[in-house]
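Next comes target_2.pdb, a file with PDB, C-alpha atoms, pLDDT in the B column.
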ATOM      1  CA  MET A   1       0.000   0.000   0.000  1.00 79.00           C
ATOM      2  CA  LEU A   2       2.738   2.477   0.970  1.00 78.00           C
ATOM      3  CA  SER A   3       4.631   1.567  -2.182  1.00 79.00           C
ATOM      4  CA  LYS A   4       1.675   2.611  -4.344  1.00 80.00           C
ATOM      5  CA  ILE A   5       1.255   5.853  -2.412  1.00 83.00           C
ATOM      6  CA  SER A   6       4.929   6.755  -2.686  1.00 83.00           C
ATOM      7  CA  THR A   7       4.918   5.943  -6.409  1.00 82.00           C
ATOM      8  CA  ARG A   8       1.976   8.270  -6.976  1.00 83.00           C
ATOM      9  CA  LEU A   9       3.555  11.039  -4.910  1.00 85.00           C
ATOM     10  CA  PHE A  10       6.866  10.643  -6.722  1.00 84.00           C
ATOM     11  CA  GLU A  11       5.162  10.956 -10.098  1.00 82.00           C
ATOM     12  CA  ASN A  12       3.324  14.071  -8.910  1.00 85.00           C
ATOM     13  CA  PHE A  13       6.531  15.725  -7.767  1.00 89.00           C
ATOM     14  CA  GLU A  14       8.325  14.727 -10.944  1.00 89.00           C
ATOM     15  CA  ALA A  15       5.612  16.415 -12.982  1.00 88.00           C
ATOM     16  CA  LYS A  16       5.774  19.493 -10.731  1.00 89.00           C
ATOM     17  CA  ASP A  17       9.556  19.675 -11.019  1.00 91.00           C
ATOM     18  CA  ALA A  18       9.382  19.401 -14.812  1.00 91.00           C
ATOM     19  CA  ALA A  19       6.761  22.170 -14.917  1.00 92.00           C
ATOM     20  CA  ARG A  20       8.933  24.358 -12.696  1.00 94.00           C
ATOM     21  CA  GLU A  21      12.031  23.918 -14.853  1.00 95.00           C
ATOM     22  CA  HIS A  22      10.131  24.704 -18.034  1.00 95.00           C
ATOM     23  CA  ALA A  23       8.436  27.709 -16.435  1.00 95.00           C
ATOM     24  CA  LEU A  24      11.816  29.043 -15.295  1.00 96.00           C
ATOM     25  CA  LYS A  25      13.120  28.797 -18.850  1.00 97.00           C
ATOM     26  CA  LEU A  26      10.073  30.578 -20.253  1.00 97.00           C
ATOM     27  CA  SER A  27      10.311  33.273 -17.571  1.00 97.00           C
ATOM     28  CA  ARG A  28      13.942  33.960 -18.434  1.00 97.00           C
ATOM     29  CA  ASN A  29      12.963  34.277 -22.093  1.00 98.00           C
ATOM     30  CA  ILE A  30      10.198  36.722 -21.191  1.00 98.00           C
ATOM     31  CA  VAL A  31      12.622  38.904 -19.228  1.00 98.00           C
ATOM     32  CA  ARG A  32      15.198  38.827 -22.025  1.00 98.00           C
ATOM     33  CA  LEU A  33      12.708  39.594 -24.785  1.00 98.00           C
ATOM     34  CA  SER A  34      11.020  42.337 -22.773  1.00 98.00           C
ATOM     35  CA  GLY A  35      14.399  44.029 -22.391  1.00 97.00           C
ATOM     36  CA  ARG A  36      14.910  43.800 -26.145  1.00 98.00           C
ATOM     37  CA  ALA A  37      11.477  45.310 -26.751  1.00 98.00           C
ATOM     38  CA  ILE A  38      12.262  48.284 -24.508  1.00 98.00           C
ATOM     39  CA  LYS A  39      15.542  48.886 -26.351  1.00 97.00           C
ATOM     40  CA  SER A  40      13.676  48.772 -29.661  1.00 98.00           C
ATOM     41  CA  ILE A  41      11.161  51.316 -28.392  1.00 98.00           C
ATOM     42  CA  HIS A  42      13.904  53.750 -27.405  1.00 97.00           C
ATOM     43  CA  ARG A  43      15.475  53.269 -30.824  1.00 96.00           C
ATOM     44  CA  LYS A  44      12.078  54.000 -32.396  1.00 95.00           C
ATOM     45  CA  GLN A  45      12.000  50.514 -33.939  1.00 97.00           C
ATOM     46  CA  PHE A  46       8.313  50.185 -33.135  1.00 97.00           C
ATOM     47  CA  ASP A  47       7.452  47.385 -35.561  1.00 97.00           C
ATOM     48  CA  GLN A  48      10.201  45.254 -34.100  1.00 97.00           C
ATOM     49  CA  ALA A  49       9.091  46.068 -30.553  1.00 97.00           C
ATOM     50  CA  LYS A  50       5.511  45.115 -31.401  1.00 97.00           C
ATOM     51  CA  GLU A  51       6.608  41.733 -32.767  1.00 98.00           C
ATOM     52  CA  ILE A  52       8.718  40.998 -29.701  1.00 98.00           C
ATOM     53  CA  ILE A  53       5.916  41.955 -27.307  1.00 98.00           C
ATOM     54  CA  ALA A  54       3.525  39.677 -29.217  1.00 97.00           C
ATOM     55  CA  GLU A  55       6.034  36.850 -28.806  1.00 98.00           C
ATOM     56  CA  VAL A  56       6.249  37.534 -25.082  1.00 98.00           C
ATOM     57  CA  ALA A  57       2.452  37.472 -24.801  1.00 97.00           C
ATOM     58  CA  VAL A  58       2.464  33.930 -26.224  1.00 97.00           C
ATOM     59  CA  LEU A  59       5.095  32.839 -23.688  1.00 97.00           C
ATOM     60  CA  ASN A  60       3.099  34.389 -20.857  1.00 97.00           C
ATOM     61  CA  ALA A  61      -0.032  32.519 -21.940  1.00 96.00           C
ATOM     62  CA  GLU A  62       1.976  29.304 -22.117  1.00 96.00           C
ATOM     63  CA  ILE A  63       3.251  29.714 -18.569  1.00 96.00           C
ATOM     64  CA  LYS A  64      -0.227  30.426 -17.224  1.00 95.00           C
ATOM     65  CA  SER A  65      -1.676  27.383 -18.944  1.00 94.00           C
ATOM     66  CA  MET A  66       1.185  25.077 -17.958  1.00 92.00           C
ATOM     67  CA  LEU A  67       1.082  26.084 -14.284  1.00 93.00           C
ATOM     68  CA  SER A  68      -2.700  26.064 -13.905  1.00 91.00           C
ATOM     69  CA  ASP A  69      -2.382  22.842 -11.878  1.00 90.00           C
ATOM     70  CA  HIS A  70       0.663  24.126  -9.957  1.00 92.00           C
ATOM     71  CA  PRO A  71      -0.378  27.390  -8.251  1.00 93.00           C
ATOM     72  CA  ASP A  72       2.445  27.044  -5.710  1.00 92.00           C
ATOM     73  CA  ILE A  73       4.980  27.346  -8.534  1.00 93.00           C
ATOM     74  CA  TYR A  74       3.025  30.047 -10.341  1.00 94.00           C
ATOM     75  CA  TYR A  75       3.079  32.236  -7.225  1.00 93.00           C
ATOM     76  CA  ALA A  76       6.665  31.398  -6.239  1.00 91.00           C
ATOM     77  CA  GLY A  77       7.858  34.801  -7.503  1.00 92.00           C
ATOM     78  CA  PHE A  78       9.767  34.224 -10.729  1.00 95.00           C
ATOM     79  CA  VAL A  79       6.655  34.245 -12.910  1.00 96.00           C
ATOM     80  CA  GLU A  80       5.520  37.529 -11.366  1.00 95.00           C
ATOM     81  CA  HIS A  81       8.946  39.039 -12.051  1.00 96.00           C
ATOM     82  CA  ALA A  82       8.731  37.969 -15.698  1.00 97.00           C
ATOM     83  CA  GLN A  83       5.220  39.392 -15.991  1.00 97.00           C
ATOM     84  CA  GLN A  84       6.480  42.645 -14.464  1.00 97.00           C
ATOM     85  CA  GLU A  85       9.048  42.995 -17.251  1.00 98.00           C
ATOM     86  CA  TYR A  86       6.425  42.109 -19.854  1.00 98.00           C
ATOM     87  CA  ALA A  87       4.040  44.692 -18.405  1.00 98.00           C
ATOM     88  CA  GLU A  88       6.751  47.363 -18.421  1.00 98.00           C
ATOM     89  CA  ALA A  89       7.585  46.793 -22.095  1.00 98.00           C
ATOM     90  CA  SER A  90       3.922  46.632 -23.151  1.00 98.00           C
ATOM     91  CA  LEU A  91       2.896  49.720 -21.198  1.00 98.00           C
ATOM     92  CA  LEU A  92       5.841  51.738 -22.503  1.00 98.00           C
ATOM     93  CA  TYR A  93       5.063  50.725 -26.088  1.00 98.00           C
ATOM     94  CA  GLN A  94       1.413  51.731 -25.758  1.00 97.00           C
ATOM     95  CA  ILE A  95       2.274  55.073 -24.141  1.00 96.00           C
ATOM     96  CA  ILE A  96       4.867  56.023 -26.741  1.00 97.00           C
ATOM     97  CA  THR A  97       2.958  54.860 -29.816  1.00 96.00           C
ATOM     98  CA  LYS A  98      -0.655  55.603 -28.817  1.00 94.00           C
ATOM     99  CA  ASN A  99      -0.501  57.706 -25.648  1.00 92.00           C
ATOM    100  CA  GLU A 100      -2.659  55.117 -23.890  1.00 92.00           C
ATOM    101  CA  ILE A 101      -2.417  52.893 -20.809  1.00 93.00           C
ATOM    102  CA  LEU A 102      -3.163  49.193 -21.157  1.00 91.00           C
ATOM    103  CA  ASP A 103      -5.415  47.472 -18.630  1.00 90.00           C
ATOM    104  CA  THR A 104      -4.385  44.362 -16.691  1.00 87.00           C
ATOM    105  CA  THR A 105      -6.984  42.346 -18.610  1.00 88.00           C
ATOM    106  CA  GLU A 106      -5.357  43.292 -21.915  1.00 91.00           C
ATOM    107  CA  LEU A 107      -1.976  42.076 -20.692  1.00 93.00           C
ATOM    108  CA  ASP A 108      -3.248  38.992 -18.818  1.00 93.00           C
ATOM    109  CA  VAL A 109      -0.816  39.461 -15.946  1.00 96.00           C
ATOM    110  CA  GLU A 110      -1.278  39.504 -12.182  1.00 94.00           C
ATOM    111  CA  ASP A 111      -2.315  42.829 -10.636  1.00 94.00           C
ATOM    112  CA  SER A 112       0.875  43.033  -8.573  1.00 93.00           C
ATOM    113  CA  ALA A 113       3.050  42.443 -11.663  1.00 95.00           C
ATOM    114  CA  TYR A 114       1.123  45.146 -13.511  1.00 96.00           C
ATOM    115  CA  LEU A 115       1.692  47.721 -10.766  1.00 95.00           C
ATOM    116  CA  MET A 116       5.369  46.882 -10.441  1.00 95.00           C
ATOM    117  CA  GLY A 117       5.834  47.138 -14.195  1.00 96.00           C
ATOM    118  CA  LEU A 118       3.932  50.417 -14.224  1.00 96.00           C
ATOM    119  CA  GLY A 119       6.304  51.764 -11.596  1.00 95.00           C
ATOM    120  CA  ASP A 120       9.300  50.909 -13.776  1.00 96.00           C
ATOM    121  CA  VAL A 121       7.783  52.754 -16.732  1.00 97.00           C
ATOM    122  CA  VAL A 122       8.506  56.035 -14.930  1.00 97.00           C
ATOM    123  CA  GLY A 123      12.234  55.551 -15.402  1.00 96.00           C
ATOM    124  CA  GLU A 124      11.809  54.675 -19.066  1.00 97.00           C
ATOM    125  CA  LEU A 125       9.715  57.789 -19.689  1.00 98.00           C
ATOM    126  CA  ARG A 126      12.416  59.882 -18.040  1.00 97.00           C
ATOM    127  CA  ARG A 127      14.852  58.398 -20.528  1.00 96.00           C
ATOM    128  CA  VAL A 128      12.531  59.396 -23.387  1.00 97.00           C
ATOM    129  CA  ILE A 129      12.345  62.960 -22.064  1.00 96.00           C
ATOM    130  CA  LEU A 130      16.124  63.234 -21.706  1.00 95.00           C
ATOM    131  CA  ASP A 131      16.505  62.090 -25.313  1.00 95.00           C
ATOM    132  CA  LEU A 132      14.070  64.800 -26.393  1.00 94.00           C
ATOM    133  CA  ILE A 133      16.030  67.401 -24.432  1.00 94.00           C
ATOM    134  CA  ARG A 134      19.218  66.329 -26.180  1.00 93.00           C
ATOM    135  CA  LEU A 135      17.426  66.651 -29.511  1.00 92.00           C
ATOM    136  CA  GLU A 136      16.339  70.181 -28.485  1.00 89.00           C
ATOM    137  CA  LYS A 137      12.676  69.160 -28.477  1.00 91.00           C
ATOM    138  CA  PRO A 138      11.828  69.600 -24.770  1.00 90.00           C
ATOM    139  CA  ALA A 139       8.236  70.706 -25.386  1.00 91.00           C
ATOM    140  CA  GLN A 140       7.432  67.227 -26.682  1.00 93.00           C
ATOM    141  CA  GLY A 141       8.418  65.819 -23.301  1.00 93.00           C
ATOM    142  CA  GLU A 142       5.652  67.580 -21.365  1.00 94.00           C
ATOM    143  CA  LYS A 143       3.072  64.884 -22.063  1.00 95.00           C
ATOM    144  CA  TYR A 144       5.478  62.213 -20.851  1.00 96.00           C
ATOM    145  CA  LEU A 145       6.201  64.156 -17.664  1.00 96.00           C
ATOM    146  CA  GLU A 146       2.466  64.363 -17.068  1.00 96.00           C
ATOM    147  CA  MET A 147       2.229  60.601 -17.547  1.00 96.00           C
ATOM    148  CA  MET A 148       5.098  60.053 -15.099  1.00 96.00           C
ATOM    149  CA  ASP A 149       3.273  62.159 -12.526  1.00 96.00           C
ATOM    150  CA  ASP A 150       0.004  60.287 -13.106  1.00 96.00           C
ATOM    151  CA  ILE A 151       1.749  56.945 -12.616  1.00 96.00           C
ATOM    152  CA  TYR A 152       3.412  58.149  -9.414  1.00 95.00           C
ATOM    153  CA  THR A 153       0.081  59.414  -8.063  1.00 95.00           C
ATOM    154  CA  THR A 154      -1.542  56.089  -8.923  1.00 94.00           C
ATOM    155  CA  ILE A 155       1.150  54.067  -7.162  1.00 93.00           C
ATOM    156  CA  LEU A 156       0.617  56.128  -3.998  1.00 91.00           C
ATOM    157  CA  LEU A 157      -2.957  54.849  -3.797  1.00 92.00           C
ATOM    158  CA  PHE A 158      -1.763  51.283  -3.160  1.00 90.00           C
ATOM    159  CA  ASP A 159      -0.440  51.715   0.358  1.00 85.00           C
ATOM    160  CA  PHE A 160      -0.587  48.049   1.311  1.00 85.00           C
ATOM    161  CA  PRO A 161       1.854  45.894   3.314  1.00 84.00           C
ATOM    162  CA  ASP A 162       4.909  44.528   1.518  1.00 79.00           C
ATOM    163  CA  ALA A 163       3.499  41.035   1.962  1.00 79.00           C
ATOM    164  CA  MET A 164       0.887  41.993  -0.634  1.00 81.00           C
ATOM    165  CA  LEU A 165       2.855  44.357  -2.881  1.00 83.00           C
ATOM    166  CA  LYS A 166       6.499  43.778  -2.084  1.00 83.00           C
ATOM    167  CA  GLY A 167       8.686  46.582  -3.357  1.00 87.00           C
ATOM    168  CA  LEU A 168       5.930  48.862  -4.668  1.00 89.00           C
ATOM    169  CA  ARG A 169       6.432  51.437  -1.927  1.00 90.00           C
ATOM    170  CA  HIS A 170      10.096  51.704  -2.864  1.00 90.00           C
ATOM    171  CA  LYS A 171       9.164  52.112  -6.526  1.00 91.00           C
ATOM    172  CA  GLY A 172       6.879  54.937  -5.474  1.00 91.00           C
ATOM    173  CA  ASP A 173       9.743  56.678  -3.678  1.00 92.00           C
ATOM    174  CA  VAL A 174      11.970  56.266  -6.732  1.00 94.00           C
ATOM    175  CA  ALA A 175       9.195  57.526  -9.016  1.00 94.00           C
ATOM    176  CA  ARG A 176       8.754  60.662  -6.905  1.00 94.00           C
ATOM    177  CA  SER A 177      12.467  61.431  -7.130  1.00 95.00           C
ATOM    178  CA  LEU A 178      12.503  60.853 -10.901  1.00 96.00           C
ATOM    179  CA  VAL A 179       9.455  63.036 -11.459  1.00 95.00           C
ATOM    180  CA  GLU A 180      10.942  65.903  -9.453  1.00 96.00           C
ATOM    181  CA  ARG A 181      14.327  65.715 -11.167  1.00 95.00           C
ATOM    182  CA  THR A 182      12.807  65.405 -14.618  1.00 96.00           C
ATOM    183  CA  ARG A 183      10.446  68.326 -14.030  1.00 95.00           C
ATOM    184  CA  GLY A 184      13.373  70.535 -13.101  1.00 93.00           C
ATOM    185  CA  GLU A 185      15.460  69.444 -16.083  1.00 94.00           C
ATOM    186  CA  LEU A 186      12.565  69.824 -18.502  1.00 92.00           C
ATOM    187  CA  THR A 187      11.694  73.275 -17.131  1.00 91.00           C
ATOM    188  CA  ASN A 188      15.288  74.421 -17.553  1.00 91.00           C
ATOM    189  CA  ALA A 189      15.482  73.002 -21.074  1.00 89.00           C
ATOM    190  CA  MET A 190      12.253  74.699 -22.125  1.00 85.00           C
ATOM    191  CA  GLY A 191      13.447  77.980 -20.622  1.00 81.00           C
ATOM    192  CA  GLN A 192      16.689  77.755 -22.584  1.00 82.00           C
ATOM    193  CA  ALA A 193      14.779  76.918 -25.749  1.00 69.00           C
ATOM    194  CA  LYS A 194      12.588  80.019 -25.326  1.00 75.00           C
ATOM    195  CA  LEU A 195      15.636  82.177 -24.641  1.00 69.00           C
ATOM    196  CA  LYS A 196      17.339  80.836 -27.739  1.00 72.00           C
ATOM    197  CA  GLU A 197      14.232  81.550 -29.784  1.00 64.00           C
ATOM    198  CA  ARG A 198      14.017  85.142 -28.525  1.00 71.00           C
ATOM    199  CA  MET A 199      17.703  85.740 -29.215  1.00 68.00           C
ATOM    200  CA  SER A 200      17.231  84.423 -32.731  1.00 63.00           C
ATOM    201  CA  GLU A 201      14.266  86.764 -33.247  1.00 60.00           C
ATOM    202  CA  LEU A 202      16.320  89.697 -31.950  1.00 62.00           C
ATOM    203  CA  GLU A 203      19.192  88.856 -34.313  1.00 62.00           C
ATOM    204  CA  ASN A 204      16.786  88.775 -37.237  1.00 65.00           C
ATOM    205  CA  LYS A 205      15.399  92.201 -36.297  1.00 63.00           C
ATOM    206  CA  LEU A 206      18.878  93.665 -35.983  1.00 63.00           C
ATOM    207  CA  GLU A 207      19.831  92.336 -39.391  1.00 63.00           C
TER     208      GLU A 207
END

Translate the structure described by the file into C-alpha cells.
Amino acid sequence: MLSKISTRLFENFEAKDAAREHALKLSRNIVRLSGRAIKSIHRKQFDQAKEIIAEVAVLNAEIKSMLSDHPDIYYAGFVEHAQQEYAEASLLYQIITKNEILDTTELDVEDSAYLMGLGDVVGELRRVILDLIRLEKPAQGEKYLEMMDDIYTTILLFDFPDAMLKGLRHKGDVARSLVERTRGELTNAMGQAKLKERMSELENKLE
C-alpha cells in the first residue's frame, strides 16, 4: 500500500519539477525579450518592438496554462517578475505609440506584476524625455512628464503591506524622485529653448 502511495507522490513531484524547470526557462525568455522590446522602443524601432511583445504574450499565456495545476509554482515569484518585465515593455510601447495605458486584462498578468511594471515605466519615460532634451525638443516631453506624474500618483494609492505588494512602496519613492528631477530638467530646457528663440528673433530684427 505504501509503495503505491509513494509511487503516486513521486510521479506528482516529478511532474511538478518538470513544470517548474520549463516555467523558469520561459520566464527567463520573457525577461530577455522584454528588455529587447524596450531597447527597440527607445530606438524608435516600433514594428520590431511590437513583434517581440507579441512573442512575449504567447510565452506568458503558455506559462499560465502550464502552471494552472501548480499554483504554488506560479506564485513562487519568478513568474511575477517575468510578468512585471512584460508589463513594463507593453505599457511603454502603448504610451509612446498611442498615448494610452493598457489594462491588466489586456496584458493577462497579475495585478501586482502590472503595478510593479507600471512603476518601472517612470524611469523609461524619463529616458525618453532626456533624449528629447538632447534633440532640443523639450516641449514634446511635457506629455510624458504628465504621464510620469500620473503613474506616481496612482502608485501612492496602493499603500498596502509589503506582503501583498512587495517593493511597490520603494518604486513609489523612486518615481517621486525621478518626477521631481525630470520636471526641473525639462523646465530648464524649455526655458533655454525660449531664450534661444528670442535671441534668434532679436538677431533677425537687428539684421

Self-check item: Å distance separating atom CA of Arg176 of chain A from atom CA of Glu146 of chain A, one decimal place
Solution: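 So the answer is 12.5 Å.
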
Self-check item: Ground truth for the PyMOL selection byres ((chain A and resi 53) around 12), written as a ChimeraX atom specification
Solution: /A:29-41,46-52,54-60,83,85-94,107

Practice problem: Let me know the residues the PyMOL selection byres ((chain A and resi 121-130) around 7) catches in the file above, as a list of chain:residue names. | Solution: A:Glu88, A:Leu92, A:Gly117, A:Leu118, A:Gly119, A:Asp120, A:Asp131, A:Leu132, A:Ile133, A:Arg134, A:Gly141, A:Tyr144, A:Met148, A:Ala175, A:Leu178, A:Thr182

Write out, as a PDB file, in the coordinates of the input, the residues just selected, with C-alpha atoms.
ATOM      1  CA  GLU A  88       6.751  47.363 -18.421  1.00 98.00           C
ATOM      2  CA  LEU A  92       5.841  51.738 -22.503  1.00 98.00           C
ATOM      3  CA  GLY A 117       5.834  47.138 -14.195  1.00 96.00           C
ATOM      4  CA  LEU A 118       3.932  50.417 -14.224  1.00 96.00           C
ATOM      5  CA  GLY A 119       6.304  51.764 -11.596  1.00 95.00           C
ATOM      6  CA  ASP A 120       9.300  50.909 -13.776  1.00 96.00           C
ATOM      7  CA  ASP A 131      16.505  62.090 -25.313  1.00 95.00           C
ATOM      8  CA  LEU A 132      14.070  64.800 -26.393  1.00 94.00           C
ATOM      9  CA  ILE A 133      16.030  67.401 -24.432  1.00 94.00           C
ATOM     10  CA  ARG A 134      19.218  66.329 -26.180  1.00 93.00           C
ATOM     11  CA  GLY A 141       8.418  65.819 -23.301  1.00 93.00           C
ATOM     12  CA  TYR A 144       5.478  62.213 -20.851  1.00 96.00           C
ATOM     13  CA  MET A 148       5.098  60.053 -15.099  1.00 96.00           C
ATOM     14  CA  ALA A 175       9.195  57.526  -9.016  1.00 94.00           C
ATOM     15  CA  LEU A 178      12.503  60.853 -10.901  1.00 96.00           C
ATOM     16  CA  THR A 182      12.807  65.405 -14.618  1.00 96.00           C
TER      17      THR A 182
END

Quiz prompt | Residues near His170 of chain A, cut-off 12 Å, all atoms listed in the file, skip fewer than 2 positions along chain, as an MDAnalysis selection string | solution = chainID A and resid 116 119:120 152 155:156 158:159 161:162 165:168 172:177

Quiz item: Using the chain letters and numbers from the file, which residues does the PyMOL selection byres ((chain A and resi 23) around 8) grab, as a list in words?
Solution: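 Evaluating the PyMOL selection byres ((chain A and resi 23) around 8) on these coordinates yields Ala19, Arg20, Glu21, His22, Leu24, Lys25, Leu26, Ser27, Ile63, Met66, Leu67 and Val79 of chain A.
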
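Between atom CA of Ala163 of chain A and atom CA of Phe78 of chain A the separation is 15.7 Å.
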
Quiz item: Distance atom CA of Lys194 of chain A-atom CA of Arg181 of chain A, one decimal place?
Solution: 20.2 Å

Exercise. Have a look at A:Ile73, A:Met164, A:Ala61, A:Ile5 and name the one nearest to Asp17 of chain A; count all atoms listed in the file.
Key: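 Of the candidates, the smallest distance to Asp17 of chain A is held by A:Ile73.
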
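Using all atoms listed in the file for every distance, the candidate list A:Lys196, A:Leu157, A:Lys16, A:Asn188 yields A:Lys16 as the residue closest to Ser68 of chain A.
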
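Restricting the calculation to all atoms listed in the file, the smallest distance between Gly77 of chain A and any of A:Ile101, A:Glu110, A:Ile95, A:Arg183 is found for A:Glu110.
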
Practice problem: Name the closest residue to Glu180 of chain A among the candidates A:Ile151, A:His70, A:Leu145, A:Glu100; distances are taken between atoms, counting only C-alpha atoms. | Solution: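 Counting only C-alpha atoms, the residue closest to Glu180 of chain A is A:Leu145.
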
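Distance annotation: of A:Leu115, A:Glu136, A:Asp72, A:Thr104, the residue with the minimal separation from Thr154 of chain A is A:Leu115; atom set is all atoms listed in the file.
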